[in-house]
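Colleague: What follows is the file run.txt, containing compact mmCIF, C-alpha atoms:
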```txt
# COMPACT_ATOMS: atom_id res chain seq x y z
CA MET A 297 -33.82 306.15 61.34
CA ILE A 298 -34.28 302.63 60.00
CA VAL A 299 -35.45 302.04 56.45
CA LEU A 300 -36.79 298.60 55.54
CA VAL A 301 -36.44 298.16 51.78
CA ASP A 302 -39.03 295.92 50.09
CA SER A 303 -38.64 293.75 46.98
CA GLY A 304 -39.57 296.46 44.50
CA ILE A 305 -36.87 298.81 45.75
CA LEU A 306 -34.33 296.00 46.18
CA GLY A 307 -34.94 295.04 42.55
CA LYS A 308 -34.19 298.60 41.43
CA LEU A 309 -31.01 298.72 43.49
CA CYS A 310 -29.57 295.58 41.91
CA ASN A 311 -30.93 296.11 38.40
CA PRO A 312 -28.08 295.55 35.89
CA ASN A 313 -29.65 297.92 33.36
CA SER A 314 -28.71 301.53 33.85
CA SER A 315 -31.61 303.97 33.69
CA ALA A 316 -32.43 307.28 35.33
CA GLU A 317 -34.77 305.49 37.77
CA VAL A 318 -32.15 302.89 38.73
CA GLU A 319 -29.43 305.52 39.17
CA ALA A 320 -31.75 307.70 41.28
CA ALA A 321 -32.52 304.70 43.51
CA ARG A 322 -28.81 303.99 44.02
CA GLU A 323 -28.06 307.65 44.72
CA LYS A 324 -30.80 307.67 47.33
CA LEU A 325 -29.27 304.60 48.99
CA TYR A 326 -25.83 306.22 49.20
CA LYS A 327 -27.25 309.50 50.54
CA LEU A 328 -29.18 307.72 53.29
CA LEU A 329 -26.17 305.58 54.21
CA ALA A 330 -23.94 308.67 54.32
CA ARG A 331 -26.36 310.23 56.81
CA GLY A 332 -26.16 307.22 59.10
CA VAL A 333 -29.50 305.65 58.22
CA TYR A 334 -29.67 301.94 58.99
CA ILE A 335 -30.90 300.18 55.83
CA VAL A 336 -32.37 296.69 56.11
CA SER A 337 -34.37 294.34 53.96
CA SER A 338 -35.88 290.91 54.47
CA GLN A 339 -34.63 287.53 53.38
CA ILE A 340 -38.06 287.13 51.75
CA CYS A 341 -37.30 290.19 49.59
CA ASP A 342 -33.92 288.71 48.65
CA TYR A 343 -35.74 285.53 47.64
CA GLU A 344 -38.33 287.37 45.53
CA VAL A 345 -35.71 289.41 43.69
CA ARG A 346 -33.13 286.63 43.39
CA ARG A 347 -35.55 284.12 41.84
CA SER A 348 -36.41 286.62 39.09
CA LEU A 349 -32.75 287.38 38.45
CA ILE A 350 -31.89 283.67 38.28
CA LEU A 351 -34.76 283.03 35.88
CA ASN A 352 -33.59 285.87 33.64
CA SER A 353 -30.05 284.50 33.74
CA MET A 354 -31.30 281.04 32.74
CA ARG A 355 -33.12 282.66 29.84
CA GLY A 356 -29.82 284.05 28.60
CA LEU A 357 -30.10 287.56 30.00
CA SER A 358 -27.43 289.22 32.13
CA SER A 359 -26.49 287.59 35.43
CA GLU A 360 -24.99 290.87 36.67
CA GLY A 361 -28.10 291.54 38.76
CA ILE A 362 -27.34 288.49 40.91
CA SER A 363 -23.85 289.75 41.75
CA ASN A 364 -25.30 293.24 42.34
CA LEU A 365 -27.76 291.72 44.82
CA ASP A 366 -24.93 289.85 46.55
CA LYS A 367 -22.91 293.10 46.82
CA LEU A 368 -25.85 294.90 48.45
CA SER A 369 -25.31 292.78 51.57
CA GLU A 370 -22.24 294.97 52.21
CA PHE A 371 -24.61 297.91 52.79
CA ILE A 372 -27.94 296.33 53.70
CA ASP A 373 -28.63 293.86 56.50
CA PHE A 374 -31.09 291.15 55.51
CA LEU A 375 -33.44 290.28 58.35
CA PRO A 376 -34.07 286.56 58.83
CA VAL A 377 -37.47 285.00 58.37
CA ASN A 378 -37.68 282.90 61.53
CA ASN A 379 -40.43 281.47 63.76
CA THR A 380 -40.98 284.77 65.57
CA VAL A 381 -41.46 286.60 62.27
CA LEU A 382 -43.76 283.92 60.88
CA GLN A 383 -45.90 283.87 64.03
CA GLU A 384 -46.28 287.66 63.92
CA ALA A 385 -47.06 287.45 60.19
CA ALA A 386 -49.73 284.80 60.80
CA ASN A 387 -51.40 287.08 63.35
CA LEU A 388 -51.29 290.05 60.97
CA TRP A 389 -52.61 287.90 58.12
CA ALA A 390 -55.61 286.84 60.22
CA GLU A 391 -56.22 290.41 61.44
CA ALA A 392 -56.21 291.66 57.85
CA ARG A 393 -58.87 289.15 56.89
CA ILE A 394 -61.02 289.91 59.94
CA GLN A 395 -60.80 293.62 59.04
CA GLY A 396 -61.66 292.83 55.41
CA VAL A 397 -58.37 294.22 54.06
CA PRO A 398 -56.29 291.24 52.88
CA THR A 399 -53.07 292.10 51.06
CA ALA A 400 -53.03 288.95 48.92
CA ASP A 401 -55.05 285.90 47.96
CA ASP A 402 -55.77 283.49 50.84
CA LYS A 403 -53.57 280.79 49.29
CA SER A 404 -50.66 283.17 48.66
CA LEU A 405 -47.58 283.21 50.89
CA ASP A 406 -48.14 287.00 51.20
CA ALA A 407 -44.63 288.43 51.43
CA ASP A 408 -46.12 291.86 52.23
CA ILE A 409 -47.49 290.54 55.52
CA ILE A 410 -44.11 289.00 56.36
CA ILE A 411 -42.47 292.38 55.72
CA CYS A 412 -45.10 294.07 57.92
CA ALA A 413 -44.33 291.56 60.69
CA GLN A 414 -40.64 292.38 60.45
CA TYR A 415 -41.51 296.08 60.66
CA LYS A 416 -43.53 295.49 63.85
CA LEU A 417 -40.70 293.48 65.39
CA LEU A 418 -38.19 296.24 64.51
CA LYS A 419 -40.49 298.75 66.25
CA GLN A 420 -40.38 296.57 69.37
CA GLU A 421 -36.61 296.11 69.18
CA TYR A 422 -35.88 299.81 68.57
CA PRO A 423 -38.50 301.80 70.51
CA GLY A 424 -38.32 305.50 69.76
CA ARG A 425 -36.48 305.04 66.45
CA TYR A 426 -38.23 306.21 63.31
CA ILE A 427 -38.79 303.15 61.12
CA ILE A 428 -40.29 303.23 57.66
CA ILE A 429 -40.74 300.80 54.78
CA ALA A 430 -39.47 301.93 51.39
CA THR A 431 -41.78 300.40 48.82
CA THR A 432 -43.42 300.56 45.44
CA ASN A 433 -46.59 299.22 47.11
CA VAL A 434 -47.58 301.90 49.63
CA LYS A 435 -51.29 300.96 49.54
CA HIS A 436 -50.95 297.46 51.02
CA LEU A 437 -48.09 298.11 53.41
CA SER A 438 -49.41 301.38 54.85
CA ARG A 439 -52.41 299.52 56.29
CA PHE A 440 -50.13 298.03 58.94
CA THR A 441 -46.94 300.11 58.87
CA GLU A 442 -45.53 303.45 57.93
CA ALA A 443 -44.58 303.14 54.27
CA LYS A 444 -43.48 305.56 51.57
CA GLU A 445 -42.13 305.54 48.06
CA TRP A 446 -38.32 305.26 48.12
CA GLN A 447 -37.70 308.71 46.65
CA ALA A 448 -40.15 310.32 49.12
CA ILE A 449 -38.16 309.26 52.19
CA GLU A 450 -36.26 312.17 53.70
CA PHE A 451 -33.76 312.35 56.54
```
Can you dump the structure from the file as structure tokens?
Modeller:
Amino acid sequence: MIVLVDSGILGKLCNPNSSAEVEAAREKLYKLLARGVYIVSSQICDYEVRRSLILNSMRGLSSEGISNLDKLSEFIDFLPVNNTVLQEAANLWAEARIQGVPTADDKSLDADIIICAQYKLLKQEYPGRYIIIATTNVKHLSRFTEAKEWQAIEF
């Protein structure tokens, strides 16, 4: 099983504020890792989460989230956003518009489509493996991939 973690889940995993939701997200990560699940995310997700954490740090809030995000790379592989990914994303973006189901504004970078492209490429690289996106945005991502809420993923 391969779980691709999106920005919403990544943000919970590195959140410096302890809450029941944050602790449950971390527990889920450790349970999946203990069962041999390969956990990945995207460099675009790192970017989305990191920019918010840096902004909060510049506003005088805790910078602990940044170091938490850095530590996650010990457990999570971050997939590169390269030409192959961007070409696949461009195709998906156009298909979504032809089908009348865009996931973001036409002028937006549309990180969701980039994540969907990485999912499709993982499916090609690991045929026969169960691959799912863990997200807080099931509606958009499930149009092109298999996606579930983080806590709903079972192994």
Colleague: Quick one: residues within 10 Å of stretch 435-451 of chain A, only C-alpha atoms counted, chain neighbours fewer than 4 positions away excluded, as a ChimeraX atom specification?
Modeller: /A:297,299-302,304-305,317,320-321,323-325,327-328,331-333,388,392,397-400,408-409,411-413,415-416,419,426-431
Colleague: Which of these residues is nearest to A:Gly361, using all atoms listed in the file: A:Leu417, A:Val434, A:Cys310, A:Ile340?
Modeller: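 Smallest distance to A:Gly361 is found for A:Cys310.
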Colleague: Identify the residues around (-37.9, 290.4, 46.7) within a radius of 8 Å, measuring from all atoms listed in the file in the coordinates stated by the file, and give them as a count of residues only.
Modeller: 13
Colleague: Can you work out which one of A:Asn379, A:Ser338, A:Ser363, A:Asp406 has the shortest atom-to-atom distance to A:Ile350, counting only C-alpha atoms?
Modeller: A:Ser363
Colleague: Would you compute the distance between atom CA of A:Arg347 and atom CA of A:Ala407? Give it in Å to one decimal.
Modeller: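 Atom CA of A:Ala407 lies at a distance of 13.9 Å from atom CA of A:Arg347.
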Colleague: May I ask for the distance between atom CA of A:Pro312 and atom CA of A:Ser369, given in Å to one decimal place?
Modeller: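 Between these atoms lies a distance of 16.2 Å.
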Colleague: Between atom CA of A:Leu382 and atom CA of A:Ile394, what is the spacing in Å?
Modeller: 18.3 Å
Colleague: Which residue gives the smallest distance to A:Ile362 among A:Asn311, A:Gln383, A:Gln395, A:Gln414, with all atoms listed in the file counted?
Modeller: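 Ranking A:Asn311, A:Gln383, A:Gln395, A:Gln414 by distance to A:Ile362, first place goes to A:Asn311.
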Colleague: Missing atoms in stretch 305-336 of chain A need filling: write out N, CA and C atoms for it as an mmCIF file, keeping the file's coordinate frame.
Modeller:
```
data_model
loop_
_atom_site.group_PDB
_atom_site.id
_atom_site.type_symbol
_atom_site.label_atom_id
_atom_site.label_comp_id
_atom_site.auth_asym_id
_atom_site.auth_seq_id
_atom_site.Cartn_x
_atom_site.Cartn_y
_atom_site.Cartn_z
ATOM 1 N N ILE A 305 -38.016 297.913 45.645
ATOM 2 C CA ILE A 305 -36.870 298.810 45.750
ATOM 3 C C ILE A 305 -35.574 298.009 45.630
ATOM 4 N N LEU A 306 -35.517 296.855 46.269
ATOM 5 C CA LEU A 306 -34.330 296.000 46.180
ATOM 6 C C LEU A 306 -34.047 295.643 44.726
ATOM 7 N N GLY A 307 -35.103 295.354 43.966
ATOM 8 C CA GLY A 307 -34.940 295.040 42.550
ATOM 9 C C GLY A 307 -34.347 296.202 41.767
ATOM 10 N N LYS A 308 -34.770 297.423 42.094
ATOM 11 C CA LYS A 308 -34.190 298.600 41.430
ATOM 12 C C LYS A 308 -32.722 298.759 41.779
ATOM 13 N N LEU A 309 -32.387 298.520 43.040
ATOM 14 C CA LEU A 309 -31.010 298.720 43.490
ATOM 15 C C LEU A 309 -30.030 297.745 42.865
ATOM 16 N N CYS A 310 -30.485 296.560 42.501
ATOM 17 C CA CYS A 310 -29.570 295.580 41.910
ATOM 18 C C CYS A 310 -29.765 295.403 40.407
ATOM 19 N N ASN A 311 -30.645 296.197 39.832
ATOM 20 C CA ASN A 311 -30.930 296.110 38.400
ATOM 21 C C ASN A 311 -29.644 296.327 37.590
ATOM 22 N N PRO A 312 -29.310 295.393 36.685
ATOM 23 C CA PRO A 312 -28.080 295.550 35.890
ATOM 24 C C PRO A 312 -28.214 296.564 34.758
ATOM 25 N N ASN A 313 -29.432 296.968 34.448
ATOM 26 C CA ASN A 313 -29.650 297.920 33.360
ATOM 27 C C ASN A 313 -29.660 299.337 33.913
ATOM 28 N N SER A 314 -28.788 300.156 33.386
ATOM 29 C CA SER A 314 -28.710 301.530 33.850
ATOM 30 C C SER A 314 -29.849 302.349 33.253
ATOM 31 N N SER A 315 -30.555 303.050 34.120
ATOM 32 C CA SER A 315 -31.610 303.970 33.690
ATOM 33 C C SER A 315 -31.642 305.093 34.714
ATOM 34 N N ALA A 316 -32.339 306.150 34.396
ATOM 35 C CA ALA A 316 -32.430 307.280 35.330
ATOM 36 C C ALA A 316 -33.067 306.828 36.642
ATOM 37 N N GLU A 317 -34.083 305.974 36.564
ATOM 38 C CA GLU A 317 -34.770 305.490 37.770
ATOM 39 C C GLU A 317 -33.841 304.640 38.642
ATOM 40 N N VAL A 318 -33.080 303.757 38.002
ATOM 41 C CA VAL A 318 -32.150 302.890 38.730
ATOM 42 C C VAL A 318 -31.048 303.731 39.375
ATOM 43 N N GLU A 319 -30.492 304.664 38.631
ATOM 44 C CA GLU A 319 -29.430 305.520 39.170
ATOM 45 C C GLU A 319 -29.945 306.388 40.312
ATOM 46 N N ALA A 320 -31.164 306.894 40.200
ATOM 47 C CA ALA A 320 -31.750 307.700 41.280
ATOM 48 C C ALA A 320 -31.946 306.852 42.537
ATOM 49 N N ALA A 321 -32.340 305.600 42.362
ATOM 50 C CA ALA A 321 -32.520 304.700 43.510
ATOM 51 C C ALA A 321 -31.188 304.453 44.203
ATOM 52 N N ARG A 322 -30.137 304.225 43.432
ATOM 53 C CA ARG A 322 -28.810 303.990 44.020
ATOM 54 C C ARG A 322 -28.288 305.242 44.719
ATOM 55 N N GLU A 323 -28.477 306.394 44.090
ATOM 56 C CA GLU A 323 -28.060 307.650 44.720
ATOM 57 C C GLU A 323 -28.754 307.853 46.053
ATOM 58 N N LYS A 324 -30.029 307.541 46.092
ATOM 59 C CA LYS A 324 -30.800 307.670 47.330
ATOM 60 C C LYS A 324 -30.216 306.765 48.410
ATOM 61 N N LEU A 325 -29.869 305.544 48.044
ATOM 62 C CA LEU A 325 -29.270 304.600 48.990
ATOM 63 C C LEU A 325 -27.994 305.199 49.584
ATOM 64 N N TYR A 326 -27.110 305.691 48.726
ATOM 65 C CA TYR A 326 -25.830 306.220 49.200
ATOM 66 C C TYR A 326 -26.015 307.462 50.061
ATOM 67 N N LYS A 327 -26.980 308.310 49.729
ATOM 68 C CA LYS A 327 -27.250 309.500 50.540
ATOM 69 C C LYS A 327 -27.741 309.116 51.937
ATOM 70 N N LEU A 328 -28.661 308.159 51.993
ATOM 71 C CA LEU A 328 -29.180 307.720 53.290
ATOM 72 C C LEU A 328 -28.084 307.063 54.129
ATOM 73 N N LEU A 329 -27.267 306.225 53.494
ATOM 74 C CA LEU A 329 -26.170 305.580 54.210
ATOM 75 C C LEU A 329 -25.182 306.620 54.738
ATOM 76 N N ALA A 330 -24.878 307.619 53.917
ATOM 77 C CA ALA A 330 -23.940 308.670 54.320
ATOM 78 C C ALA A 330 -24.451 309.461 55.519
ATOM 79 N N ARG A 331 -25.752 309.502 55.682
ATOM 80 C CA ARG A 331 -26.360 310.230 56.810
ATOM 81 C C ARG A 331 -26.577 309.328 58.028
ATOM 82 N N GLY A 332 -26.084 308.109 57.951
ATOM 83 C CA GLY A 332 -26.160 307.220 59.100
ATOM 84 C C GLY A 332 -27.455 306.447 59.236
ATOM 85 N N VAL A 333 -28.244 306.407 58.181
ATOM 86 C CA VAL A 333 -29.500 305.650 58.220
ATOM 87 C C VAL A 333 -29.175 304.162 58.141
ATOM 88 N N TYR A 334 -29.825 303.383 58.987
ATOM 89 C CA TYR A 334 -29.670 301.940 58.990
ATOM 90 C C TYR A 334 -30.638 301.375 57.951
ATOM 91 N N ILE A 335 -30.090 300.734 56.916
ATOM 92 C CA ILE A 335 -30.900 300.180 55.830
ATOM 93 C C ILE A 335 -30.953 298.668 55.991
ATOM 94 N N VAL A 336 -32.170 298.132 56.008
ATOM 95 C CA VAL A 336 -32.370 296.690 56.110
ATOM 96 C C VAL A 336 -33.355 296.242 55.033
#
```
